[in-house]
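Novice: For reference, the file work_32.txt (compact mmCIF, C-alpha atoms and all ligand atoms) is included below:
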# COMPACT_ATOMS: atom_id res chain seq x y z
CA MET W 1 106.51 73.52 102.12
CA ILE W 2 105.37 71.10 99.43
CA GLU W 3 109.01 70.29 98.55
CA GLN W 4 109.79 69.55 102.20
CA LEU W 5 106.74 67.29 102.47
CA ARG W 6 107.63 65.53 99.21
CA GLU W 7 110.98 64.71 100.81
CA TRP W 8 109.18 63.32 103.88
CA VAL W 9 107.02 61.16 101.58
CA ALA W 10 110.07 59.91 99.66
CA ALA W 11 111.94 59.09 102.87
CA ALA W 12 109.01 57.43 104.66
CA ARG W 13 109.23 53.68 105.15
CA HIS W 14 105.45 53.41 105.73
CA ILE W 15 102.80 56.07 105.17
CA THR W 16 99.45 55.78 106.94
CA VAL W 17 96.65 57.93 105.54
CA LEU W 18 93.43 58.82 107.37
CA THR W 19 90.75 60.41 105.20
CA GLY W 20 87.40 62.01 105.93
CA ALA W 21 84.53 63.53 104.00
CA GLY W 22 86.72 66.38 102.72
CA ILE W 23 88.56 64.12 100.28
CA SER W 24 85.25 63.41 98.53
CA ALA W 25 84.09 67.03 98.50
CA GLU W 26 85.76 67.70 95.13
CA SER W 27 83.75 64.80 93.69
CA GLY W 28 80.56 66.56 94.71
CA VAL W 29 79.71 64.60 97.87
CA PRO W 30 78.63 67.08 100.58
CA THR W 31 80.74 66.86 103.72
CA PHE W 32 79.09 66.50 107.12
CA ARG W 33 80.03 70.08 107.97
CA ASP W 34 78.53 71.34 104.74
CA ALA W 35 75.55 69.09 105.38
CA GLN W 36 74.70 71.02 108.52
CA ALA W 37 74.43 74.11 106.36
CA GLY W 38 73.85 72.69 102.93
CA LEU W 39 72.07 69.95 101.09
CA TRP W 40 71.18 67.95 104.17
CA ALA W 41 70.23 70.96 106.28
CA ARG W 42 66.88 69.33 106.94
CA PHE W 43 68.70 66.11 107.91
CA ASP W 44 71.09 66.32 110.86
CA PRO W 45 73.58 63.43 110.49
CA MET W 46 74.22 63.45 114.22
CA GLN W 47 70.50 62.83 114.74
CA LEU W 48 69.74 60.51 111.83
CA ALA W 49 72.89 58.34 111.79
CA THR W 50 71.83 56.41 114.89
CA GLU W 51 70.03 53.13 115.60
CA GLU W 52 67.47 54.95 117.74
CA ALA W 53 66.56 57.25 114.84
CA PHE W 54 66.23 54.25 112.52
CA ARG W 55 63.99 52.33 114.95
CA ALA W 56 61.91 55.45 115.55
CA GLN W 57 61.56 56.49 111.91
CA PRO W 58 62.90 53.72 109.66
CA ALA W 59 61.49 55.14 106.44
CA THR W 60 63.03 58.60 106.97
CA VAL W 61 66.46 57.21 107.78
CA TRP W 62 66.26 54.60 105.00
CA ASP W 63 65.28 57.29 102.47
CA TRP W 64 68.13 59.55 103.62
CA TYR W 65 70.61 56.75 102.93
CA ALA W 66 68.92 55.89 99.61
CA PHE W 67 69.22 59.56 98.63
CA ARG W 68 72.92 59.58 99.54
CA ARG W 69 73.58 56.27 97.73
CA ASP W 70 71.92 57.58 94.56
CA MET W 71 73.97 60.78 94.70
CA ILE W 72 77.27 58.99 95.40
CA ALA W 73 76.62 56.46 92.61
CA GLN W 74 76.57 59.36 90.15
CA VAL W 75 79.90 60.96 91.15
CA GLU W 76 83.45 59.97 90.30
CA PRO W 77 86.59 59.64 92.39
CA ASN W 78 88.71 62.80 92.16
CA ALA W 79 92.44 63.46 91.74
CA GLY W 80 92.97 63.08 95.48
CA HIS W 81 91.51 59.55 95.54
CA LEU W 82 93.40 58.69 92.35
CA ALA W 83 96.77 60.01 93.62
CA LEU W 84 96.53 57.78 96.71
CA ALA W 85 95.63 54.71 94.63
CA ALA W 86 98.42 55.36 92.11
CA PHE W 87 101.04 55.88 94.83
CA ALA W 88 100.09 52.60 96.52
CA GLN W 89 100.27 50.80 93.20
CA ARG W 90 103.77 52.21 92.52
CA HIS W 91 104.92 51.50 96.07
CA PRO W 92 103.30 48.26 97.25
CA GLN W 93 103.20 47.80 101.04
CA ARG W 94 104.37 51.38 101.68
CA LEU W 95 100.94 52.94 102.20
CA THR W 96 97.97 52.00 104.43
CA LEU W 97 94.72 53.82 103.69
CA VAL W 98 92.20 54.26 106.51
CA THR W 99 88.97 56.06 105.74
CA GLN W 100 86.00 57.32 107.75
CA ASN W 101 84.04 57.65 104.53
CA VAL W 102 81.32 55.20 103.56
CA ASP W 103 81.16 56.34 99.92
CA GLY W 104 83.45 53.68 98.43
CA LEU W 105 85.25 56.28 96.28
CA HIS W 106 88.74 55.16 97.37
CA GLN W 107 87.90 51.64 96.23
CA ARG W 108 86.46 52.91 92.95
CA ALA W 109 89.70 54.92 92.44
CA GLY W 110 91.63 51.65 92.60
CA SER W 111 92.80 51.60 96.22
CA THR W 112 92.90 48.08 97.63
CA GLY W 113 92.95 46.93 101.23
CA VAL W 114 91.12 50.08 102.30
CA ILE W 115 90.36 50.07 106.04
CA ALA W 116 86.79 51.42 106.00
CA LEU W 117 86.23 52.15 109.69
CA HIS W 118 82.58 53.17 109.30
CA GLY W 119 81.43 50.61 106.72
CA ASN W 120 79.98 50.99 103.26
CA ILE W 121 76.81 52.87 102.35
CA PHE W 122 76.08 50.47 99.48
CA GLU W 123 75.77 47.45 101.78
CA ASP W 124 72.81 46.48 103.99
CA LYS W 125 72.38 44.08 106.89
CA TRP W 126 69.50 42.89 109.10
CA LEU W 127 68.61 45.29 111.93
CA ASP W 128 68.17 42.38 114.36
CA PRO W 129 70.69 39.71 113.37
CA ALA W 130 69.64 37.55 116.35
CA LYS W 131 66.29 36.88 114.64
CA ALA W 132 68.22 35.34 111.75
CA CYS W 133 65.08 33.77 110.31
CA CYS W 134 65.52 35.76 107.18
CA ASP W 135 67.60 35.41 104.11
CA ALA W 136 68.83 38.71 102.64
CA GLY W 137 67.45 37.68 99.28
CA GLU W 138 63.96 37.24 100.76
CA ALA W 139 63.68 40.86 101.91
CA ILE W 140 60.42 42.35 100.68
CA PRO W 141 61.22 45.60 98.85
CA GLY W 142 60.27 48.70 100.79
CA SER W 143 61.61 51.68 102.72
CA PRO W 144 63.22 49.84 104.38
CA PRO W 145 63.03 46.31 102.95
CA TYR W 146 61.77 43.81 105.57
CA CYS W 147 61.24 40.14 106.33
CA ARG W 148 57.64 39.00 105.83
CA ARG W 149 57.94 36.23 108.43
CA CYS W 150 59.48 38.03 111.43
CA GLY W 151 59.34 41.72 110.50
CA ASN W 152 63.08 42.17 110.64
CA LEU W 153 64.20 45.32 108.79
CA ARG W 154 67.16 45.85 106.48
CA ARG W 155 69.48 48.71 107.58
CA PRO W 156 72.55 50.37 106.00
CA ALA W 157 75.74 48.47 106.88
CA VAL W 158 77.43 51.60 108.25
CA VAL W 159 78.60 52.35 111.80
CA TRP W 160 76.10 54.72 113.40
CA PHE W 161 76.86 57.08 116.30
CA GLY W 162 76.82 55.10 119.52
CA GLU W 163 77.82 51.88 117.69
CA VAL W 164 81.22 50.29 118.07
CA LEU W 165 83.55 50.16 115.11
CA PRO W 166 84.49 46.76 113.64
CA ALA W 167 87.24 45.64 116.03
CA PRO W 168 89.55 44.07 113.41
CA ALA W 169 89.45 47.19 111.22
CA LEU W 170 90.11 49.49 114.16
CA ALA W 171 92.96 47.30 115.42
CA GLN W 172 94.50 47.26 111.93
CA ALA W 173 94.15 51.04 111.67
CA GLU W 174 95.73 51.59 115.09
CA ALA W 175 98.65 49.30 114.22
CA ALA W 176 99.18 51.19 110.98
CA ALA W 177 99.04 54.55 112.81
CA ARG W 178 101.56 53.44 115.43
CA GLY W 179 103.78 51.55 112.96
CA GLY W 180 103.97 54.21 110.26
CA ASP W 181 106.66 56.88 110.20
CA LEU W 182 104.49 59.39 108.33
CA MET W 183 100.77 60.00 108.73
CA LEU W 184 98.67 62.07 106.33
CA VAL W 185 95.34 63.24 107.78
CA VAL W 186 93.23 64.45 104.87
CA GLY W 187 89.82 66.11 104.74
CA THR W 188 88.60 65.45 108.24
CA SER W 189 87.46 67.88 110.92
CA GLY W 190 88.78 65.41 113.50
CA VAL W 191 85.62 65.51 115.60
CA VAL W 192 84.49 61.89 115.48
CA TYR W 193 86.18 59.30 117.70
CA PRO W 194 87.71 56.76 117.82
CA ALA W 195 88.74 57.47 114.17
CA ALA W 196 90.14 60.93 114.93
CA GLY W 197 92.18 59.43 117.76
CA LEU W 198 94.36 57.67 115.18
CA ALA W 199 96.07 60.99 114.49
CA ARG W 200 97.09 61.14 118.15
CA MET W 201 98.80 57.74 118.13
CA ALA W 202 101.00 58.24 115.07
CA GLY W 203 104.42 56.65 115.24
CA GLY W 204 106.06 59.44 113.26
CA LYS W 205 105.33 62.83 111.72
CA VAL W 206 101.74 63.94 111.21
CA VAL W 207 100.74 66.12 108.26
CA ILE W 208 97.22 67.51 108.02
CA VAL W 209 95.81 68.46 104.61
CA ASN W 210 92.55 70.35 105.05
CA THR W 211 90.82 73.48 103.75
CA GLU W 212 90.01 74.71 107.28
CA PRO W 213 91.55 74.32 110.76
CA THR W 214 90.67 71.00 112.41
CA GLU W 215 90.35 69.58 115.94
CA LEU W 216 93.58 67.68 115.25
CA ASP W 217 95.82 70.61 114.29
CA ASP W 218 97.53 70.51 117.70
CA ALA W 219 98.64 66.92 116.98
CA ALA W 220 100.22 67.82 113.63
CA ASP W 221 103.84 68.55 112.74
CA VAL W 222 102.58 70.37 109.67
CA VAL W 223 99.11 71.72 108.80
CA LEU W 224 98.77 72.31 105.06
CA ALA W 225 95.72 74.42 104.22
CA GLY W 226 94.58 73.23 100.82
CA ASN W 227 92.28 71.22 98.62
CA ALA W 228 93.07 67.52 98.82
CA ALA W 229 92.37 67.08 95.10
CA GLN W 230 95.18 69.55 94.32
CA VAL W 231 97.59 68.88 97.19
CA LEU W 232 97.70 65.07 97.18
CA PRO W 233 98.88 64.77 93.56
CA GLN W 234 101.66 67.29 94.35
CA LEU W 235 102.69 65.36 97.47
CA LEU W 236 102.50 61.85 96.06
CA GLU W 237 103.57 62.04 92.42
CA ASP W 238 107.14 60.79 91.98
C1 LIG N 301 81.73 54.80 119.38
C2 LIG N 301 78.90 56.52 109.09
C3 LIG N 301 81.81 53.42 121.29
C4 LIG N 301 77.45 56.87 109.08
C5 LIG N 301 79.87 57.95 110.81
C6 LIG N 301 77.75 60.04 123.17
C7 LIG N 301 77.08 58.85 122.91
C8 LIG N 301 77.63 57.88 122.06
C9 LIG N 301 78.86 58.10 121.47
C10 LIG N 301 79.48 59.29 121.73
C11 LIG N 301 78.96 60.26 122.56
N1 LIG N 301 79.83 61.31 122.60
C12 LIG N 301 80.88 61.03 121.81
C13 LIG N 301 80.69 59.82 121.30
C14 LIG N 301 81.56 59.15 120.43
C15 LIG N 301 81.03 59.40 119.01
C16 LIG N 301 81.60 60.73 118.53
O1 LIG N 301 82.76 60.82 118.23
N2 LIG N 301 80.73 61.76 118.47
C17 LIG N 301 81.19 63.06 118.06
C18 LIG N 301 80.05 63.76 117.30
C19 LIG N 301 81.61 63.83 119.27
N3 LIG N 301 81.55 58.30 118.23
C20 LIG N 301 80.78 57.22 118.04
O2 LIG N 301 79.62 57.12 118.39
C21 LIG N 301 81.49 56.07 117.36
N4 LIG N 301 81.28 54.89 118.12
O3 LIG N 301 82.30 55.68 119.96
O4 LIG N 301 81.44 53.57 119.94
C22 LIG N 301 80.66 53.92 122.08
C23 LIG N 301 79.46 53.24 122.03
C24 LIG N 301 78.40 53.69 122.80
C25 LIG N 301 78.53 54.83 123.62
C26 LIG N 301 79.74 55.54 123.63
C27 LIG N 301 80.80 55.09 122.84
C28 LIG N 301 80.92 55.84 115.97
C29 LIG N 301 81.26 57.02 115.10
C30 LIG N 301 80.93 56.66 113.64
C31 LIG N 301 79.70 57.41 113.21
N5 LIG N 301 79.46 57.16 111.77
N6 LIG N 301 79.70 57.66 109.50
C32 LIG N 301 77.10 57.77 107.93
O5 LIG N 301 78.01 58.18 107.17
O6 LIG N 301 75.91 58.05 107.78
S1 LIG N 301 80.71 59.34 111.24
C33 LIG N 301 80.68 60.40 109.93
O7 LIG N 301 80.91 61.68 110.45
C34 LIG N 301 81.81 60.18 108.97
O8 LIG N 301 82.06 58.83 108.73
C35 LIG N 301 82.94 60.90 109.60
O9 LIG N 301 83.64 60.06 110.47
C36 LIG N 301 82.24 61.95 110.39
C37 LIG N 301 82.33 63.26 109.65
O10 LIG N 301 83.60 63.68 109.87
P1 LIG N 301 84.53 64.12 108.66
O11 LIG N 301 84.76 62.98 107.76
O12 LIG N 301 85.68 64.76 109.32
O13 LIG N 301 83.67 65.17 107.85
P2 LIG N 301 83.45 66.69 108.24
O14 LIG N 301 82.42 67.22 107.32
O15 LIG N 301 83.25 66.80 109.72
O16 LIG N 301 84.85 67.38 107.90
C38 LIG N 301 85.29 67.47 106.55
C39 LIG N 301 86.53 68.31 106.59
O17 LIG N 301 87.05 68.38 105.27
C40 LIG N 301 86.25 69.74 107.03
O18 LIG N 301 87.21 70.09 108.01
C41 LIG N 301 86.44 70.56 105.76
O19 LIG N 301 87.06 71.79 106.05
C42 LIG N 301 87.40 69.70 104.97
N7 LIG N 301 87.32 69.83 103.52
C43 LIG N 301 86.23 70.13 102.76
N8 LIG N 301 86.58 70.12 101.45
C44 LIG N 301 87.89 69.78 101.40
C45 LIG N 301 88.38 69.60 102.70
N9 LIG N 301 89.66 69.27 102.97
C46 LIG N 301 90.49 69.10 101.92
N10 LIG N 301 90.12 69.27 100.63
C47 LIG N 301 88.83 69.61 100.33
N11 LIG N 301 88.46 69.76 99.04
Starting from the coordinates I provided, produce the structure as structure tokens.
Specialist:
Amino acid sequence: MIEQLREWVAAARHITVLTGAGISAESGVPTFRDAQAGLWARFDPMQLATEEAFRAQPATVWDWYAFRRDMIAQVEPNAGHLALAAFAQRHPQRLTLVTQNVDGLHQRAGSTGVIALHGNIFEDKWLDPAKACCDAGEAIPGSPPYCRRCGNLRRPAVVWFGEVLPAPALAQAEAAARGGDLMLVVGTSGVVYPAAGLARMAGGKVVIVNTEPTELDDAADVVLAGNAAQVLPQLLED
């Protein structure tokens, strides 16, 4: 199967890749599925990754993100991230990388032009931009940092559940899905929309690389059960 897929990669005019938390698992970043059972068992992402949760308990949500940032800052991109970056460097303009991840590991692996649909965990923004009385640099340190004058709070610059994705990024990702003739869907359970929907609008063949079955398997031409850190180098090295 790998040989067949390597031929599809070689023949593809444009490859669009959609990644999820599974591609960072090998680096030591818990996935959302694992989080339900594992490290974050006491934190339910579906509950905490929302504006309502932040407004209701800003310190708890802020501390959860601070904990994740600290953990992610200590890990390294893995062979899966690196294989994608190296392929794109060898074949400029032939690969578009779309990620649901907020960990910045694709960028640290050397990928450029990454379409980060859900933002970046290392960036903050004001909770109430309309107040706009505050300068980011003036935020008083705290959990979360805040504006002394108007009480505005800093929040993680990620897309929470119930929030719309950045329209330009989503439009770019949809165009790449439709325009590509091969789509690799890597390390995602395919539960969260609209990101997962990209796999259902692919212009060509869809290949899923995942350790377990996903909600997108019915949309795939091929489902490859495997570890992204091992499979991607095999698929992409030429
Ligand atoms: C939206 C950033 C319009 C934050 C994330 C009711 C009310 C409101 C909205 C909804 C609703 N019902 C449905 C929705 C839509 C909702 C949604 O899809 N909900 C789901 C739960 C049903 N979507 C939204 O809210 C989106 N916005 O729709 O706006 C709107 C507005 C108002 C009202 C309605 C609609 C916003 C979604 C973005 C949320 N933010 N992240 C943060 O990180 O804290 S989502 C977050 O979870 C991730 O970014 C990612 O997208 C998702 C987790 O998914 P995965 O990445 O797939 O991770 P998971 O752990 O699930 O899977 C990992 C896979 O890897 C597993 O299958 C595992 O087997 C595999 N794996 C593990 N190791 C490996 C591996 N594979 C390969 N190799 C390995 N080594």
Novice: All residues within 8 Å of ligand LIG 301 (chain N) are required, counting all atoms listed in the file; please report them as an NGL selection string.
Specialist: :W and (19-26 or 30-35 or 45-46 or 48-49 or 65 or 100-102 or 117-119 or 121 or 158-165 or 186-196 or 209-214 or 225-229)
Novice: Which residues, protein or nucleic acid, reach to within 12 Å of (75.7, 57.4, 92.3) in the file's coordinates when using only C-alpha atoms, and can you give that as a list in words?
Specialist: Ser27, Gly28, Val29, Tyr65, Ala66, Phe67, Arg68, Arg69, Asp70, Met71, Ile72, Ala73, Gln74, Val75, Glu76, Pro77, Asp103, Gly104, Leu105, Arg108, Ile121 and Phe122 of chain W
Novice: Next, the residues of the selection above should be written as a tab-separated table (two decimals), in the coordinates of the input with C-alpha atoms.
Specialist:
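Ended up saving to result_21.tsv:
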chain	number	residue	atom	x	y	z
W	27	SER	CA	83.75	64.80	93.69
W	28	GLY	CA	80.56	66.56	94.71
W	29	VAL	CA	79.71	64.60	97.87
W	65	TYR	CA	70.61	56.75	102.93
W	66	ALA	CA	68.92	55.89	99.61
W	67	PHE	CA	69.22	59.56	98.63
W	68	ARG	CA	72.92	59.58	99.54
W	69	ARG	CA	73.58	56.27	97.73
W	70	ASP	CA	71.92	57.58	94.56
W	71	MET	CA	73.97	60.78	94.70
W	72	ILE	CA	77.27	58.99	95.40
W	73	ALA	CA	76.62	56.46	92.61
W	74	GLN	CA	76.57	59.36	90.15
W	75	VAL	CA	79.90	60.96	91.15
W	76	GLU	CA	83.45	59.97	90.30
W	77	PRO	CA	86.59	59.64	92.39
W	103	ASP	CA	81.16	56.34	99.92
W	104	GLY	CA	83.45	53.68	98.43
W	105	LEU	CA	85.25	56.28	96.28
W	108	ARG	CA	86.46	52.91	92.95
W	121	ILE	CA	76.81	52.87	102.35
W	122	PHE	CA	76.08	50.47	99.48
Novice: When you draw a straight line from CA of Ala157 (chain W) to CA of Glu123 (chain W), how long is it in Å?
Specialist: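 Distance between the two atoms: 5.2 Å.
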Novice: Give me, please, the distance in Å between CA of Ala109 (chain W) and CA of Ile15 (chain W), quoted to one decimal.
Specialist: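 The value is 18.3 Å.
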Novice: Which residues come within 9 Å of Trp62 (chain W), counting all atoms listed in the file, excluding same-chain residues fewer than 4 positions away, as a list in words?
Specialist: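 Listing them by chain and then by number gives Phe54, Gln57, Pro58, Ala66, Phe67, Ser143, Pro144, Arg154, Arg155 and Pro156 of chain W.
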Novice: Give me, please, the distance in Å between CA of Ala12 (chain W) and CA of Ala167 (chain W), quoted to one decimal.
Specialist: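 Taking CA of Ala12 (chain W) as the start and CA of Ala167 (chain W) as the end point, the length is 27.2 Å.
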Novice: Using all atoms listed in the file, find the one residue out of W:Met1, W:Val17, W:Leu236, W:Cys147 that sits nearest to Met183 (chain W).
Specialist: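 Of the candidates, the smallest distance to Met183 (chain W) is held by W:Val17.
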Novice: Which of these residues is nearest to Leu97 (chain W), using only C-alpha atoms: W:Thr16, W:Gln234, W:Thr50, W:Gln172?
Specialist: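 Nearest candidate to Leu97 (chain W) out of W:Thr16, W:Gln234, W:Thr50, W:Gln172: W:Thr16.
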Novice: Counting only C-alpha atoms, which of W:Ala171, W:Leu153, W:Val114, W:Ala220 gets nearest to Pro141 (chain W)?
Specialist: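 Using only C-alpha atoms, the shortest distance to Pro141 (chain W) belongs to W:Leu153.
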Novice: Name the residues in contact with Arg13 (chain W) at a cut-off of 8 Å, using all atoms listed in the file, excluding same-chain residues fewer than 6 positions from it; report them as JSON, numbers by chain.
Specialist: {"W": [94, 180, 181]}
Novice: Find, counting all atoms listed in the file, the residue in W:Ile2, W:Cys133, W:Met201, W:Glu237 that gets nearest to Ala88 (chain W).
Specialist: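 That would be W:Glu237, the residue with the smallest distance to Ala88 (chain W).
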Novice: For Glu52 (chain W), which residue out of W:Gly113, W:Leu127, W:Leu82, W:Arg200 is the nearest one, using all atoms listed in the file?
Specialist: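 Residue with the minimum atom-to-atom distance to Glu52 (chain W): W:Leu127.
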